[in-house]
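The structure file target-v9.txt is reproduced below (compact mmCIF, C-alpha atoms).
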```txt
# COMPACT_ATOMS: atom_id res chain seq x y z
CA ASN A 211 70.50 111.57 157.57
CA ALA A 212 73.39 109.89 159.36
CA GLY A 213 75.79 111.21 156.69
CA VAL A 214 79.02 109.20 156.37
CA THR A 215 79.51 106.49 158.98
CA GLN A 216 82.63 104.45 159.63
CA THR A 217 83.22 101.33 161.70
CA PRO A 218 85.06 100.49 163.82
CA LYS A 219 86.22 103.68 165.57
CA PHE A 220 89.37 102.00 166.87
CA GLN A 221 91.20 98.83 165.86
CA VAL A 222 94.45 97.16 166.87
CA LEU A 223 95.91 94.54 164.54
CA LYS A 224 98.98 92.38 164.61
CA THR A 225 101.35 92.43 161.63
CA GLY A 226 100.07 90.14 158.90
CA GLN A 227 96.44 90.17 159.96
CA SER A 228 93.75 91.26 157.53
CA MET A 229 90.66 93.35 158.17
CA THR A 230 88.01 95.46 156.49
CA LEU A 231 87.18 99.04 157.41
CA GLN A 232 83.56 99.81 156.74
CA CYS A 233 82.17 103.01 155.26
CA ALA A 234 78.56 103.81 154.45
CA GLN A 235 76.69 106.92 153.34
CA ASP A 236 72.96 107.56 153.15
CA MET A 237 73.01 110.63 150.89
CA ASN A 238 72.89 108.71 147.59
CA HIS A 239 76.26 110.18 146.63
CA GLU A 240 77.94 108.85 143.51
CA TYR A 241 81.52 109.46 144.64
CA MET A 242 83.26 107.89 147.61
CA SER A 243 86.89 108.02 148.72
CA TRP A 244 89.30 106.67 151.30
CA TYR A 245 92.08 108.75 152.85
CA ARG A 246 94.71 108.09 155.47
CA GLN A 247 96.22 110.64 157.81
CA ASP A 248 99.53 110.12 159.55
CA PRO A 249 100.52 112.24 162.58
CA GLY A 250 101.22 115.86 161.68
CA MET A 251 100.36 115.31 158.03
CA GLY A 252 97.51 116.12 155.72
CA LEU A 253 95.20 113.47 154.33
CA ARG A 254 96.40 111.28 151.47
CA LEU A 255 94.04 109.68 148.97
CA ILE A 256 94.14 105.86 148.93
CA HIS A 257 91.33 104.82 146.56
CA TYR A 258 88.22 106.42 145.20
CA SER A 259 85.07 105.40 143.36
CA VAL A 260 82.89 107.33 140.93
CA GLY A 261 80.02 104.86 141.11
CA ALA A 262 79.01 101.28 141.86
CA GLY A 263 81.42 98.89 140.18
CA ILE A 264 84.02 101.57 139.40
CA THR A 265 87.10 102.20 141.52
CA ASP A 266 90.49 103.77 140.94
CA GLN A 267 93.77 104.31 142.75
CA GLY A 268 94.79 107.45 144.55
CA GLU A 269 98.21 108.54 145.83
CA VAL A 270 98.95 105.65 148.19
CA PRO A 271 97.01 102.52 147.09
CA ASN A 272 99.58 99.81 147.88
CA GLY A 273 98.46 97.33 150.52
CA TYR A 274 94.77 98.23 150.22
CA ASN A 275 91.88 96.87 148.18
CA VAL A 276 88.45 98.37 147.61
CA SER A 277 85.23 97.41 145.90
CA ARG A 278 81.94 99.23 145.38
CA SER A 279 79.05 96.85 144.91
CA THR A 280 76.40 99.34 146.07
CA THR A 281 76.06 103.11 146.03
CA GLU A 282 75.94 103.23 149.81
CA ASP A 283 78.97 101.16 150.84
CA PHE A 284 82.70 101.44 150.12
CA PRO A 285 84.76 99.04 152.28
CA LEU A 286 88.55 99.26 152.51
CA ARG A 287 90.45 95.99 152.91
CA LEU A 288 93.89 95.59 154.40
CA LEU A 289 95.20 92.30 153.06
CA SER A 290 98.23 91.87 155.32
CA ALA A 291 98.60 94.65 157.85
CA ALA A 292 101.99 96.29 158.35
CA PRO A 293 103.13 98.77 161.04
CA SER A 294 103.43 101.41 158.27
CA GLN A 295 99.65 101.25 157.93
CA THR A 296 99.17 102.62 161.43
CA SER A 297 97.13 105.72 160.74
CA VAL A 298 93.73 107.36 160.96
CA TYR A 299 91.50 106.44 158.03
CA PHE A 300 88.78 108.74 156.74
CA CYS A 301 86.04 107.91 154.29
CA ALA A 302 84.31 110.65 152.30
CA SER A 303 81.45 111.00 149.85
CA SER A 304 80.27 113.64 147.42
CA SER A 305 77.65 114.06 144.78
CA GLN A 306 77.99 114.55 141.07
CA VAL A 307 76.74 118.11 141.27
CA SER A 308 78.41 119.39 144.42
CA HIS A 309 81.91 120.59 145.16
CA GLU A 310 81.61 119.56 148.81
CA GLN A 311 83.01 116.32 150.19
CA TYR A 312 81.50 114.96 153.39
CA PHE A 313 83.88 113.13 155.69
CA GLY A 314 83.22 110.42 158.22
CA PRO A 315 84.54 110.51 161.80
CA GLY A 316 87.52 108.27 161.05
CA THR A 317 88.91 104.90 162.13
CA ARG A 318 92.07 104.92 164.22
CA LEU A 319 94.14 101.84 163.29
CA THR A 320 97.24 100.62 165.09
CA VAL A 321 99.32 97.77 163.70
CA THR A 322 101.80 96.21 166.12
CA ASP B 5 102.56 116.54 145.89
CA ALA B 6 100.27 119.30 147.11
CA LYS B 7 100.08 122.24 144.74
CA THR B 8 99.67 124.82 147.49
CA THR B 9 101.89 126.56 150.05
CA GLN B 10 100.51 127.67 153.39
CA PRO B 11 102.11 128.97 156.60
CA THR B 12 102.52 126.25 159.20
CA SER B 13 100.75 128.18 161.94
CA MET B 14 98.94 131.42 162.68
CA ASP B 15 97.10 132.87 165.61
CA CYS B 16 94.30 135.32 166.01
CA ALA B 17 92.48 137.06 168.85
CA GLU B 18 88.89 136.07 169.43
CA GLY B 19 86.49 138.44 167.70
CA ARG B 20 89.07 139.61 165.19
CA ALA B 21 89.26 138.61 161.55
CA ALA B 22 91.50 135.67 160.70
CA ASN B 23 93.16 135.95 157.29
CA LEU B 24 94.73 132.71 156.09
CA PRO B 25 96.92 132.99 152.97
CA CYS B 26 97.58 130.33 150.35
CA ASN B 27 99.94 130.30 147.39
CA HIS B 28 99.02 128.25 144.32
CA SER B 29 101.27 129.71 141.64
CA THR B 30 100.97 126.69 139.30
CA ILE B 31 97.18 126.63 139.25
CA SER B 32 95.69 125.94 135.83
CA GLY B 33 92.68 127.60 134.31
CA ASN B 34 90.17 124.88 135.12
CA GLU B 35 91.29 124.21 138.69
CA TYR B 36 89.27 125.37 141.66
CA VAL B 37 90.51 126.53 145.06
CA TYR B 38 88.94 124.71 148.00
CA TRP B 39 89.23 125.31 151.72
CA TYR B 40 88.56 122.67 154.34
CA ARG B 41 89.26 122.63 158.04
CA GLN B 42 89.89 119.88 160.54
CA ILE B 43 89.04 120.45 164.17
CA HIS B 44 91.17 118.31 166.48
CA SER B 45 91.04 114.78 165.04
CA GLN B 46 87.63 114.98 163.42
CA GLY B 47 86.97 114.48 159.72
CA PRO B 48 87.67 117.55 157.58
CA GLN B 49 84.83 119.98 157.03
CA TYR B 50 84.20 121.88 153.80
CA ILE B 51 84.31 125.67 154.12
CA ILE B 52 84.20 127.30 150.71
CA HIS B 53 85.48 127.08 147.14
CA GLY B 54 86.04 129.40 144.19
CA LEU B 55 87.31 129.53 140.62
CA LYS B 56 87.96 133.17 139.74
CA ASN B 57 85.58 135.39 141.66
CA ASN B 58 85.57 136.17 145.33
CA GLU B 59 83.07 134.07 147.25
CA THR B 60 81.27 134.45 150.56
CA ASN B 61 79.09 132.11 152.57
CA GLU B 62 77.91 131.89 156.15
CA MET B 63 81.27 130.58 157.34
CA ALA B 64 83.89 132.59 155.49
CA SER B 65 84.98 134.68 152.53
CA LEU B 66 87.43 133.62 149.84
CA ILE B 67 89.48 136.24 148.05
CA ILE B 68 91.31 135.05 144.91
CA THR B 69 93.85 137.34 143.26
CA GLU B 70 93.27 138.37 139.68
CA ASP B 71 96.12 136.18 138.40
CA ARG B 72 94.73 133.31 140.54
CA LYS B 73 98.17 132.54 141.95
CA SER B 74 97.14 133.09 145.53
CA SER B 75 94.08 133.34 147.72
CA THR B 76 93.06 134.30 151.24
CA LEU B 77 90.44 132.71 153.44
CA ILE B 78 88.84 135.21 155.79
CA LEU B 79 86.98 134.26 158.96
CA PRO B 80 85.41 137.63 159.78
CA HIS B 81 84.93 137.20 163.54
CA ALA B 82 87.04 134.31 164.78
CA THR B 83 85.84 132.35 167.80
CA LEU B 84 87.59 129.77 169.97
CA ARG B 85 85.68 127.09 168.03
CA ASP B 86 87.52 128.14 164.86
CA THR B 87 90.78 126.74 166.23
CA ALA B 88 91.64 124.07 163.65
CA VAL B 89 93.96 123.07 160.82
CA TYR B 90 92.91 124.83 157.61
CA TYR B 91 93.68 123.21 154.29
CA CYS B 92 93.89 125.06 150.98
CA ILE B 93 93.47 122.61 148.08
CA VAL B 94 93.63 123.10 144.34
CA SER B 95 91.71 120.57 142.31
CA LEU B 96 90.12 119.91 138.98
CA ALA B 97 86.34 119.77 139.02
CA ASP B 98 84.13 118.20 136.40
CA ARG B 99 80.56 119.50 136.13
CA GLY B 100 80.63 120.74 139.70
CA SER B 101 82.47 117.90 141.41
CA THR B 102 86.05 116.90 142.23
CA LEU B 103 85.06 113.27 141.50
CA GLY B 104 86.00 112.41 145.07
CA ARG B 105 89.65 113.33 144.68
CA LEU B 106 91.26 115.88 146.95
CA TYR B 107 95.00 116.23 147.50
CA PHE B 108 95.78 117.73 150.90
CA GLY B 109 98.93 119.46 152.06
CA ARG B 110 99.83 120.00 155.71
CA GLY B 111 97.63 123.05 156.13
CA THR B 112 97.81 125.94 158.58
CA GLN B 113 97.18 125.46 162.28
CA LEU B 114 95.05 128.42 163.32
CA THR B 115 94.86 129.08 167.04
CA VAL B 116 92.27 131.55 168.26
CA TRP B 117 93.07 132.92 171.69
CA PRO B 118 90.71 134.61 174.15
```
Step by step, read the file and then write its structure as C-alpha cells.
Amino acid sequence: NAGVTQTPKFQVLKTGQSMTLQCAQDMNHEYMSWYRQDPGMGLRLIHYSVGAGITDQGEVPNGYNVSRSTTEDFPLRLLSAAPSQTSVYFCASSSQVSHEQYFGPGTRLTVT
Amino acid sequence: DAKTTQPTSMDCAEGRAANLPCNHSTISGNEYVYWYRQIHSQGPQYIIHGLKNNETNEMASLIITEDRKSSTLILPHATLRDTAVYYCIVSLADRGSTLGRLYFGRGTQLTVWP
C-alpha cells in the first residue's frame, strides 16, 4: 500500500491564482481530512469527509473548497490564493473502526 | 481551541525514559486522549490512545490519571530518532473513530540528546 499520497510536494502561486491540491489513499478508508500547519503551530482542520459525497467544515474552512466523489480521492481547491494561505497542507485518512489517522507527506504552498 | 496544555519543550538523555505530561482538565466522559508525533516536517504519526485505562504498545505507554484530567506519555528508552514534536489531543470518538477530526495544539518539542 502507498498509504496517503499528496501532490504536488511544493507549489508557488501568485495572489489570486487558483489551484487544486491532490490527496489519494489506497486503504479504502471512509474518513479523509485536510489540515494546514503554519510555522511553529499545530495542525488546524480545514475540511473533512465521512464518505463519498459527504463533506463538512473544520476550524478554518474559508477560502477552500472540497469534494469527495470517490472513496480514494479528496482534493482541496484554493479558489483565489492569498498570502495568508502560505502553509504546509496535510491530508489524512482513517477508517470507521480505527482510532488512528494516517497522514500524507504534505504539500508546501507559498503564495506571493 | 485545543483542550490540552503541554510544556513547550523538554529534553531527555538517550536511553532514558521520556515522560511527556499533558493536562486536559475539561475532558468529558466520552472523549479519548490521543498522542501523535511529528518528526521534522513530516506528517504526524499516531502513537497511542486511551479512554480510562493505562495503555501500552510497541512505541509507548499512556498513563491516564483516575480523574482523567491529565495523562503522561512514556517513551521507555528514548533514542535520537524520538526527537520530535509530541501532540496530546482530546477528541470524541464514535464507534472507534474520530470521524477524521483532530484538533491539535502546539505540542511539546522533545529533544533527545546523546
As an mmCIF file with C-alpha atoms, in the frame of the given file, could you give me every residue of chain A near chain B (at most 8 Å apart, counting all atoms listed in the file)?
```
data_model
loop_
_atom_site.group_PDB
_atom_site.id
_atom_site.type_symbol
_atom_site.label_atom_id
_atom_site.label_comp_id
_atom_site.auth_asym_id
_atom_site.auth_seq_id
_atom_site.Cartn_x
_atom_site.Cartn_y
_atom_site.Cartn_z
ATOM 1 C CA TYR A 241 81.520 109.460 144.640
ATOM 2 C CA MET A 242 83.260 107.890 147.610
ATOM 3 C CA SER A 243 86.890 108.020 148.720
ATOM 4 C CA GLY A 250 101.220 115.860 161.680
ATOM 5 C CA MET A 251 100.360 115.310 158.030
ATOM 6 C CA GLY A 252 97.510 116.120 155.720
ATOM 7 C CA LEU A 253 95.200 113.470 154.330
ATOM 8 C CA ARG A 254 96.400 111.280 151.470
ATOM 9 C CA LEU A 255 94.040 109.680 148.970
ATOM 10 C CA TYR A 258 88.220 106.420 145.200
ATOM 11 C CA SER A 259 85.070 105.400 143.360
ATOM 12 C CA VAL A 260 82.890 107.330 140.930
ATOM 13 C CA GLY A 268 94.790 107.450 144.550
ATOM 14 C CA PHE A 300 88.780 108.740 156.740
ATOM 15 C CA ALA A 302 84.310 110.650 152.300
ATOM 16 C CA SER A 303 81.450 111.000 149.850
ATOM 17 C CA SER A 304 80.270 113.640 147.420
ATOM 18 C CA SER A 305 77.650 114.060 144.780
ATOM 19 C CA GLN A 306 77.990 114.550 141.070
ATOM 20 C CA VAL A 307 76.740 118.110 141.270
ATOM 21 C CA SER A 308 78.410 119.390 144.420
ATOM 22 C CA HIS A 309 81.910 120.590 145.160
ATOM 23 C CA GLU A 310 81.610 119.560 148.810
ATOM 24 C CA GLN A 311 83.010 116.320 150.190
ATOM 25 C CA TYR A 312 81.500 114.960 153.390
ATOM 26 C CA PHE A 313 83.880 113.130 155.690
ATOM 27 C CA GLY A 314 83.220 110.420 158.220
ATOM 28 C CA PRO A 315 84.540 110.510 161.800
ATOM 29 C CA GLY A 316 87.520 108.270 161.050
#
```
One number please: atom CA of B:Pro25 to atom CA of B:Gln10, in Å, one decimal.
6.4 Å
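Atom CA of B:Ala17 to atom CA of B:Ile78 spans 13.7 Å [interatomic distance, one decimal].
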Can you pull out every residue within 10 Å of B:His28, counting only C-alpha atoms, but drop anything in the same chain fewer than 5 positions away, and send it as a list in words?
Ala6, Lys7, Thr8, Thr9, Gln10, Val37, Arg72, Lys73, Ser74, Ser75, Cys92, Ile93 and Val94 of chain B
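Here atom CA of A:Val321 and atom CA of A:Ala292 stand 6.2 Å from one another.
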Using only C-alpha atoms, find the one residue out of A:Asn272, A:Gln247, A:Ser294, A:Asn238 that sits nearest to A:Val214.
A:Asn238
Near-B:Gln113 list (8 Å; only C-alpha atoms; drop same-chain fewer than 4 positions) as a ChimeraX atom specification:
/B:12-14,87-90
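Closest approach to A:Asp283 from the set A:Gly226, A:Thr296, A:Cys233, A:Pro249 is made by A:Cys233, with distances taken over only C-alpha atoms.
Excluding A:Thr320 itself and any same-chain residue fewer than 2 positions from it, the protein and nucleic acid residues within 7 Å of it, counting all atoms listed in the file, are A:Gln221, A:Val222, A:Leu223, A:Thr296, A:Ser297, A:Arg318, A:Thr322.
You can rank B:Leu114, B:Leu77, B:Leu84, B:Ile31 by their closest distance to B:Leu96 using all atoms listed in the file, and at the top of that list sits B:Ile31.
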For stretch 101-115 of chain B, supply N, CA and C atoms and report the output as a PDB file, keeping the file's coordinate frame.
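What ended up in selection07.pdb:
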```pdb
ATOM      1  N   SER B 101      82.005 118.847 140.401  1.00  0.00           N
ATOM      2  CA  SER B 101      82.470 117.900 141.410  1.00  0.00           C
ATOM      3  C   SER B 101      83.944 117.597 141.203  1.00  0.00           C
ATOM      4  N   THR B 102      84.639 117.303 142.315  1.00  0.00           N
ATOM      5  CA  THR B 102      86.050 116.900 142.230  1.00  0.00           C
ATOM      6  C   THR B 102      86.177 115.402 141.990  1.00  0.00           C
ATOM      7  N   LEU B 103      85.063 114.727 141.735  1.00  0.00           N
ATOM      8  CA  LEU B 103      85.060 113.270 141.500  1.00  0.00           C
ATOM      9  C   LEU B 103      85.617 112.505 142.696  1.00  0.00           C
ATOM     10  N   GLY B 104      85.548 113.104 143.872  1.00  0.00           N
ATOM     11  CA  GLY B 104      86.000 112.410 145.070  1.00  0.00           C
ATOM     12  C   GLY B 104      87.485 112.462 145.298  1.00  0.00           C
ATOM     13  N   ARG B 105      88.201 113.271 144.551  1.00  0.00           N
ATOM     14  CA  ARG B 105      89.650 113.330 144.680  1.00  0.00           C
ATOM     15  C   ARG B 105      90.079 114.688 145.214  1.00  0.00           C
ATOM     16  N   LEU B 106      90.661 114.682 146.387  1.00  0.00           N
ATOM     17  CA  LEU B 106      91.260 115.880 146.950  1.00  0.00           C
ATOM     18  C   LEU B 106      92.678 115.540 147.385  1.00  0.00           C
ATOM     19  N   TYR B 107      93.605 116.449 147.137  1.00  0.00           N
ATOM     20  CA  TYR B 107      95.000 116.230 147.500  1.00  0.00           C
ATOM     21  C   TYR B 107      95.392 117.286 148.534  1.00  0.00           C
ATOM     22  N   PHE B 108      95.534 116.833 149.767  1.00  0.00           N
ATOM     23  CA  PHE B 108      95.780 117.730 150.900  1.00  0.00           C
ATOM     24  C   PHE B 108      97.262 117.969 151.095  1.00  0.00           C
ATOM     25  N   GLY B 109      97.611 119.184 151.526  1.00  0.00           N
ATOM     26  CA  GLY B 109      98.930 119.460 152.060  1.00  0.00           C
ATOM     27  C   GLY B 109      98.879 119.366 153.569  1.00  0.00           C
ATOM     28  N   ARG B 110      99.797 120.065 154.247  1.00  0.00           N
ATOM     29  CA  ARG B 110      99.830 120.000 155.710  1.00  0.00           C
ATOM     30  C   ARG B 110      98.950 121.058 156.361  1.00  0.00           C
ATOM     31  N   GLY B 111      98.548 122.060 155.598  1.00  0.00           N
ATOM     32  CA  GLY B 111      97.630 123.050 156.130  1.00  0.00           C
ATOM     33  C   GLY B 111      98.265 124.034 157.090  1.00  0.00           C
ATOM     34  N   THR B 112      97.421 124.931 157.595  1.00  0.00           N
ATOM     35  CA  THR B 112      97.810 125.940 158.580  1.00  0.00           C
ATOM     36  C   THR B 112      97.072 125.686 159.881  1.00  0.00           C
ATOM     37  N   GLN B 113      97.814 125.567 160.971  1.00  0.00           N
ATOM     38  CA  GLN B 113      97.180 125.460 162.280  1.00  0.00           C
ATOM     39  C   GLN B 113      96.815 126.858 162.752  1.00  0.00           C
ATOM     40  N   LEU B 114      95.527 127.135 162.803  1.00  0.00           N
ATOM     41  CA  LEU B 114      95.050 128.420 163.320  1.00  0.00           C
ATOM     42  C   LEU B 114      94.664 128.240 164.777  1.00  0.00           C
ATOM     43  N   THR B 115      95.224 129.068 165.624  1.00  0.00           N
ATOM     44  CA  THR B 115      94.860 129.080 167.040  1.00  0.00           C
ATOM     45  C   THR B 115      94.202 130.406 167.348  1.00  0.00           C
TER      46      THR B 115
END
```
